[in-house]
Amino acid sequence: MGFFWGKFVHLVVVVLAVTAVTFVMLDLLPADVAHEVAGQSATSRDVAAVRQELGLNDSVAARYGRWLAGAARGDLGTSLVTRQPVGEAIASHLPVTLELLLLAQLFALALAIPAGIVSAWRAESPIDRALGSAAFGLISVPSFALAIVLIYFFSLRLKWFPAIGFTPLSEGAWPNIRGMILPAVSVALVEFASLMRVLRGDMIATLREEFILFARAKGLPTWRILLRHALRPSSFTMLTLLGLHIGNLIGGAVIIETIFALPGIGRLLVSSIFSQDYPMVQGCVLIITVGYVAVNFLVDICYGLLDPRVRKEGSVG
Amino acid sequence: MSDRSLQQNEPLLRVIDLLVEFPAVRGQKVHAVSGVNFSLARGETLGLVGESGCGKSSLARAIMQLPRPTSGRVILDGEDLTTVDPVRLRILRSRFQMIFQDPVASFNPFRSVGESIGAPLRTLWGVDEDERTRRVREMMEAVGLDSDQYYRRRPFQLSGGQCQRAGIARALMTEPRLLVCDEPVSSLDVSVQAQIINLLREVKGRYGLSMLFISHDLGVVRNISDRVAVMYLGRLCEVAPCAALYAAPVHPYTNALLAAIPRPDPERPLPEGGFLPGELPSAIEPPSGCRFRTRCPRAQASCSEVQPELREIAPGHLVACHYPLLFGS
Amino acid sequence: MTTTAQRLLVVENLSVSLPAARGEVRVVDRVSLSLERGRTLALVGESGSGKSMLCRAIMGLLPGGARRTGSGRVVFAGRDLGALLERELNRIRGREIGVVLQDPLSSLNPVLTIGRQIAETLRYHLGFSSARARERSIELLRAVGIPRPEERLACHPHQLSGGMRQRVAIAMALSCDPQLLITDEPTTALDVTIQAEILNLLGRLQKERNMAMILVTHDLWVAAGMAHDTAVMYAGRIVEQAPTGELFARMRMPYTKALFDAIPRVDDPPHTNLKAIGGTPPDLAALPPGCRFAPRCPRVQTRCRAEEPPLVANDREDHRYACWFPYPSEDSP
Amino acid sequence: MGRKRGAAFWLPLAWITFVVLCAISASWLPVPSPDQIDWDNLAVKPGVAGHLLGTDTLGRDIASRLLFGARVSLIVGFLAPCIGLVLGCFAGVIAGFYRGLAEKLIVGAIDTFLAFPRLVFLLVFIFVLGASLSNLTIALGILTAPSFARVARANTIRFAGREFVLAAKAIGAGDVAIILREILPNVLAPMLVYMLLVMGFVIVAEGGLGFLGLSVPSPTPSWGGMIAEGREALDETPHVSMIPTAVMFLTVLSVNLIGDRLRGQVDGRESQL
């Protein structure tokens with residue numbers, strides 16, 4: 001339990017630190033929010049009034065405190081540009097990002113686990129070399145470049161999938177999924193490559209362990225040794241990497257979202273920064289950070305489930 | 001003259017109430033070494049035996065001040081190493097050196113073996129490079145390493161035995177008086193082990209060293225030591241001259257250790273039944289009173305209450321036990 | 001004299017090669033031995049002598065890169081193991097041949113419970129139900145002297161001490177009542193008191209179950225206390241082999257004697273100068289012509305450097321050694 | 001030392017050398033200026049009207065834009081990891097060597113930094129300090145520092161536990177001497193190899209920023225920007241996007257291949273210990 005609480009406190013501290021730093025950074029931006037809000041024709045009196053209304057005359061710390069108090073109540077403020085509540089805007093964009101993320105991870109894992117196992121088991125064989133080369137190529141392709149290539153072949157030439165656009169789930173599951181497949185594959189192929197390489201490396205190391213020799217000496221069949229004895233102890237680095245991927249994707253799928261015109265969090269964030277919509281930026285950063293930290297927290301818990309040696313007593317030499 | 005004779009009678013090393021603890025999880029402490037006392041005369045070799053986890057390596061490092069022990073005193077040549085200031089400690093370091101368990105890992109893979117052997121001269125005395133190279137080559141020849149062949153080699157290009165020779169050379173560079181050997185032969189093959197033990201004995205005589213020789217191998221310890229100390233879970237159980245200890249062990253733990261050695265006699269099979277029942281207790285929560293009582297065949301109720309101190313039962317023969325195995329009792 | 005058919009294990013002319021920087025290295029070179037039920041054979045040698053590799057070759061579990069070369073055969077209970085398919089070998093390994101390895105911590109799977117690891121052999125080889133496998137696991141753990149076996153089943157290996165882990169590993173090796181038990185340095189990673197307990201246990205189990213046992217060790221004295229026969233290996237070859245009592249009474253091959261003399265003994269007075277073997281252990285990639293021990297041998301003569309001595313029995317049927325100039329037979333150490 | 005490296009090492013090296021030479025000599029090569037518009041040849045195929053690789057939708061020479069874009073990619077791709085290496089190495093070695101409070105603080109800072117949305121950092125950094133090559137490099141450099149610090153810390157802990165560090169302490173070497181003489185040389189080898197992998201990542205990241213129009217300000221071309229511009233006419237003139245995509249892919253692949261090969265050698269050296 002102490003382990004759990006320590007992690008939780010750590011999580012809260014990281015979220016506070018990130019949002020505070022964002023607040024300060026946004027404060028540094030060379031733009032006058034009050035001017036923007038008051039509009040082109042506003043007099044200096046209007047601007048001053050807006051400034052007063054938004055509390056911009058207070059110190060950064062005071063404003064951060066106020067924002068934090070609001071956030072704790074679930075109130076993330078109102079967009080300066082659209083006057084829409086920030087929470088609402090995020091709620092409408094988040095599902096798109098989550099769907100992309102989930103599909104991409106499913107694709108990536110579904111490919112990486114079998115491929116990793118096969119190439120570790122048959123290390124240095126032609127199939128391992130082929131998989132390895134494919135992975136190496138994929139790792140070197142930026143996901144946006146891959147997206148362009150995929151669009152060119154599968155949308156423009158073969159016309160299997162739409163090139164851009166998002167169809168809400170309310171208009172049917174297939175149209176929705178169909179629009180998501182290319183974006184998800186663009187992300188998944190690059191991730192598959194790194195996941196597979198990591199799994200292969202760890203699995204080869206595990207297969208050299210004495211307990212694998214022992215299991216083979218017990219006469220167990222190969223598939224059983226690979227799946228039951230070798231896979232679990234080999235999956236820690238892959239799990240860590242998966243956590244990092246998901247964490248980065250929550251806020252980092254901007255380019256994919258832009259290419260495929262998906263209304264996700266990433267695009268909301270970028271457009272908010274461009275329009276200097278600070279409450280919106282702040283809200284997005286909060287959601288992204290909480291997501292990142294929560295995923296890593298889950299990964300830590302998974303370690304505990306996968307490996308019983310979570311904490312060992314110090315030993316005397 | 002009287003000063004000198006006094007110094008001659010004074011032991012080279014005295015370890016008094018040495019305590020080593022380090023933090024474990026949840027604010028607990030590992031009691032690695034708990035109140036160890038012994039002394040080491042000039043020119044003497046003290047063997048320290050014990051099983052893994054008994055704290056013998058922690059004891060060696062505490063004597064080396066790596067890091068300084070939690071409490072207690074380590075007096076070398078009349079100076080307390082645990083209280084001298086860091087500058088003085090650095091100067092004193094030339095007088096006590098260490099040999100490590102894993103000879104290959106004790107050398108920086110990034111540097112040649114010759115350079116590493118000369119490092120003490122550079123760090124402690126600032127000897128210039130030409131002079132260093134000359135003295136290193138001399139010392140390499142003295143420990144049986146061909147300096148032309150091995151000076152420029154990296155540690156992983158040497159065999160374990162050659163690396164341990166280099167380790168001995170490095171420890172001898174500053175002409176120390178005390179050599180702390182932490183399991184110096186346990187990672188070596190038997191044929192090489194014998195070479196290294198012979199070499200250690202030889203350099204000890206040639207350079208007038210005193211040695212603290214740590215090992216889990218009772219045969220090795222008997223061969224090289226004048227006196228032997230037996231350690232169990234952070235405490236000394238028995239300290240005695242080598243011949244006496246092996247001929248008539250007095251502490252039940254020493255007895256069990258000796259009985260457990262395999263003998264080359266198929267007609268006399270190993271005694272039936274466990275030598276030591278139960279498991280080694282945790283060093284985080286050691287048993288009260290005598291730490292060996294949980295596995296001791298002679299344990300009585302009082303063993304859990306009163307901690308036995310080392311007492312002399314024969315000249316030079318010390319034991320920490322309430323019910324020792326004495327002749328005629 | 002027993003015939004090949006009666007012997008449980010016959011190894012004939014077995015060689016194993018490993019790829020190295022300069023071509024192939026023969027880590028096991030033309031080794032022959034045989035073993036009957038109820039007997040223990042100790043394989044003694046220093047690191048790199050090929051004793052572990054020999055065991056792995058017998059089991060058909062050579063590490064990546066290593067392969068058997070030449071026309072050698074391994075015949076177990078009348079079957080040539082080299083001619084079997086992997087699937088057929090799996091039916092023999094674990095069921096008829098049990099194995100115990102050196103380091104009990106790394107030979108048990110860290111993420112699976114003890115119970116699962118014992119039960120899987122029983123379920124796979126003998127088709128036990130999980131309830132029956134559990135019952136049998138408890139019996140086995142009790143047989144190897146583990147207190148409160150019911151509770152231990154749910155433990156993970158790291159929760160047990162080194163001695164306990166090795167007992168668990170022995171229980172696993174014995175789960176299907178094997179006819180042959182191969183133990184590869186079973187006590188090297190353990191303390192001396194634990195070592196004695198484990199050796200005791202192995203000796204008792206071997207007698208009770210009338211198993212054949214191969215005990216790999218670097219410690220001559222362990223061999224002396226445990227084995228009926230002892231074979232000494234040097235640089236991939238068996239250099240001397242005899243019933244243990246005979247071997248210790250009359251060491252013929254200079255390497256065996258040198259190895260024996262190099263061990264510090266608790267019976268010797270302190271400060272006895274040890275008779276170390278000069279030189280360094282052989283580099284398998286650059287073996288000398290003739291006898292492999294010649295460069296370090298105190299009795300070396302010209303013939304030793306030119307011709308390799310065969311492993312033969314001269315004056316006693318059961319005492320074989322490979323040496324041109326052995327110690328005379330009346331000489332005892 | 002005569003090690004076998006093979007074509008998988010020399011071909012990538014040759015490609016990188018070629019790209020570097022092109023980037024250096026771009027100003028002297030007989031190509032049109034990257035922002036010179038050829039109104040008669042908009043989006044023509046490679047080889048038409050003296051345009052070796054064709055023109056983009058605005059009629060600018062693709063070969064020329066690639067050459068000048070290479071400067072941006074290479075400068076950012078090389079210098080940013082250097083900045084990251086220096087910062088990360090410093091923090092990581094301190095944390096790994098001293099442990100305790102220093103480690104807690106540094107690890108906490110690393111965790112916070114990693115949780116920070118990268119894009120927000122980059123955008124705000126560039127908004128505040130202005131979009132320029134040097135600011136872009138510094139921003140990406142700082143961004144890579146935490147992962148360098150992690151690698152440095154892990155390696156430092158690994159080596160600090162080795163007996164040769166204890167041996168150095170036993171001869172009275174001070175902390176600075178131990179860090180500089182015993183630990184750093186050993187930590188630096190894996191760090192430099194890791195730097196090659198990060199270089200690939202940074203080139204991709206710069207491409208991504210260029211794709212969003214956030215890399216160096218126009219008219220300086222960037223590879224990512226070129227891919228983005230060609231996207232509009234992907235159906236009719238795919239080569240406008242595909243050529244820079246291919247060049248970028250080959251470059252990143254080469255860096256990764258070299259890094260992978262060198263990592264194998266460092267690991268091999270380690271395994272001999």
# chains A, B, ... in the order shown; residues from 1 in each chain; ligands from 1

call {"tool": "select_by_dssp", "arguments": {"residues": "region 22-82 of chain B", "states": "helix (DSSP H, G or I)", "output": "list in words"}}
result
Val25, Arg26, Gly27, Lys56, Ser57, Ser58, Leu59, Ala60, Arg61, Ala62 and Ile63 of chain B

call {"tool": "residues_around", "arguments": {"residues": "Pro309 (chain C)", "least_positions_apart": "6", "cutoff": "8 Å", "atoms": "only C-alpha atoms", "output": "short mmCIF file (atom, residue, chain, number, x, y, z; two decimals) with C-alpha atoms, in the first residue's frame"}}
result
data_model
loop_
_atom_site.label_atom_id
_atom_site.label_comp_id
_atom_site.auth_asym_id
_atom_site.auth_seq_id
_atom_site.Cartn_x
_atom_site.Cartn_y
_atom_site.Cartn_z
CA GLY C 290 49.83 -34.47 -28.35
CA CYS C 291 48.59 -34.54 -24.77
CA ALA C 322 44.98 -41.15 -20.93
CA CYS C 323 48.67 -40.82 -20.20
CA TRP C 324 51.95 -42.07 -21.64
#

call {"tool": "closest_residue", "arguments": {"among": "A:Leu109, A:Ala49, A:Met196, A:Ile246", "to": "chain D", "atoms": "only C-alpha atoms"}}
result
A:Ile246

call {"tool": "residues_around", "arguments": {"residues": "region 256-264 of chain A", "least_positions_apart": "6", "cutoff": "12 Å", "atoms": "only C-alpha atoms", "output": "ChimeraX atom specification"}}
result
/A:89-101,104,142-151,155,161-168,176,179-188,249-250,270-271,284,288 /D:208,211-213,227-229,231-232

call {"tool": "interface_residues", "arguments": {"of": "chain C", "to": "chain A", "cutoff": "6 Å", "atoms": "only C-alpha atoms", "output": "ChimeraX atom specification"}}
result
/C:90,93-94,106-109,111

call {"tool": "write_last_selection", "arguments": {"atoms": "all heavy atoms", "output": "short mmCIF file (atom, residue, chain, number, x, y, z; two decimals), in the first residue's frame"}}
result
data_model
loop_
_atom_site.label_atom_id
_atom_site.label_comp_id
_atom_site.auth_asym_id
_atom_site.auth_seq_id
_atom_site.Cartn_x
_atom_site.Cartn_y
_atom_site.Cartn_z
N ASN C 90 11.13 -34.75 -26.14
CA ASN C 90 10.40 -34.10 -25.07
C ASN C 90 9.70 -35.10 -24.17
O ASN C 90 9.46 -34.83 -23.00
CB ASN C 90 9.36 -33.13 -25.66
CG ASN C 90 9.98 -31.78 -25.94
OD1 ASN C 90 11.04 -31.45 -25.40
ND2 ASN C 90 9.33 -30.98 -26.77
N ARG C 93 12.77 -36.30 -21.96
CA ARG C 93 13.24 -35.27 -21.03
C ARG C 93 12.14 -34.96 -20.03
O ARG C 93 11.00 -34.79 -20.41
CB ARG C 93 13.56 -33.98 -21.79
CG ARG C 93 14.81 -34.04 -22.61
CD ARG C 93 15.26 -32.65 -22.95
NE ARG C 93 14.38 -32.00 -23.91
CZ ARG C 93 14.71 -31.79 -25.19
NH1 ARG C 93 15.88 -32.15 -25.63
NH2 ARG C 93 13.87 -31.18 -25.98
N GLY C 94 12.51 -34.84 -18.77
CA GLY C 94 11.53 -34.49 -17.76
C GLY C 94 10.77 -35.70 -17.26
O GLY C 94 10.34 -35.74 -16.12
N SER C 106 18.14 -18.94 -10.66
CA SER C 106 17.89 -18.68 -12.07
C SER C 106 17.29 -19.87 -12.79
O SER C 106 16.84 -19.74 -13.91
CB SER C 106 19.17 -18.20 -12.76
OG SER C 106 20.21 -19.08 -12.51
N SER C 107 17.26 -21.05 -12.16
CA SER C 107 16.68 -22.17 -12.88
C SER C 107 15.18 -22.30 -12.64
O SER C 107 14.52 -23.11 -13.28
CB SER C 107 17.39 -23.48 -12.55
OG SER C 107 17.22 -23.81 -11.21
N LEU C 108 14.64 -21.51 -11.72
CA LEU C 108 13.19 -21.50 -11.56
C LEU C 108 12.64 -20.23 -12.18
O LEU C 108 13.24 -19.17 -12.09
CB LEU C 108 12.82 -21.54 -10.07
CG LEU C 108 13.30 -22.77 -9.30
CD1 LEU C 108 12.86 -22.70 -7.86
CD2 LEU C 108 12.77 -24.04 -9.94
N ASN C 109 11.46 -20.36 -12.81
CA ASN C 109 10.87 -19.19 -13.46
C ASN C 109 10.41 -18.19 -12.40
O ASN C 109 9.60 -18.52 -11.54
CB ASN C 109 9.69 -19.64 -14.32
CG ASN C 109 9.23 -18.54 -15.24
OD1 ASN C 109 9.24 -17.38 -14.89
ND2 ASN C 109 8.83 -18.91 -16.44
N VAL C 111 8.45 -15.65 -12.44
CA VAL C 111 7.10 -15.09 -12.43
C VAL C 111 6.01 -16.13 -12.21
O VAL C 111 4.84 -15.79 -12.15
CB VAL C 111 6.81 -14.28 -13.71
CG1 VAL C 111 7.83 -13.19 -13.90
CG2 VAL C 111 6.75 -15.17 -14.92
#
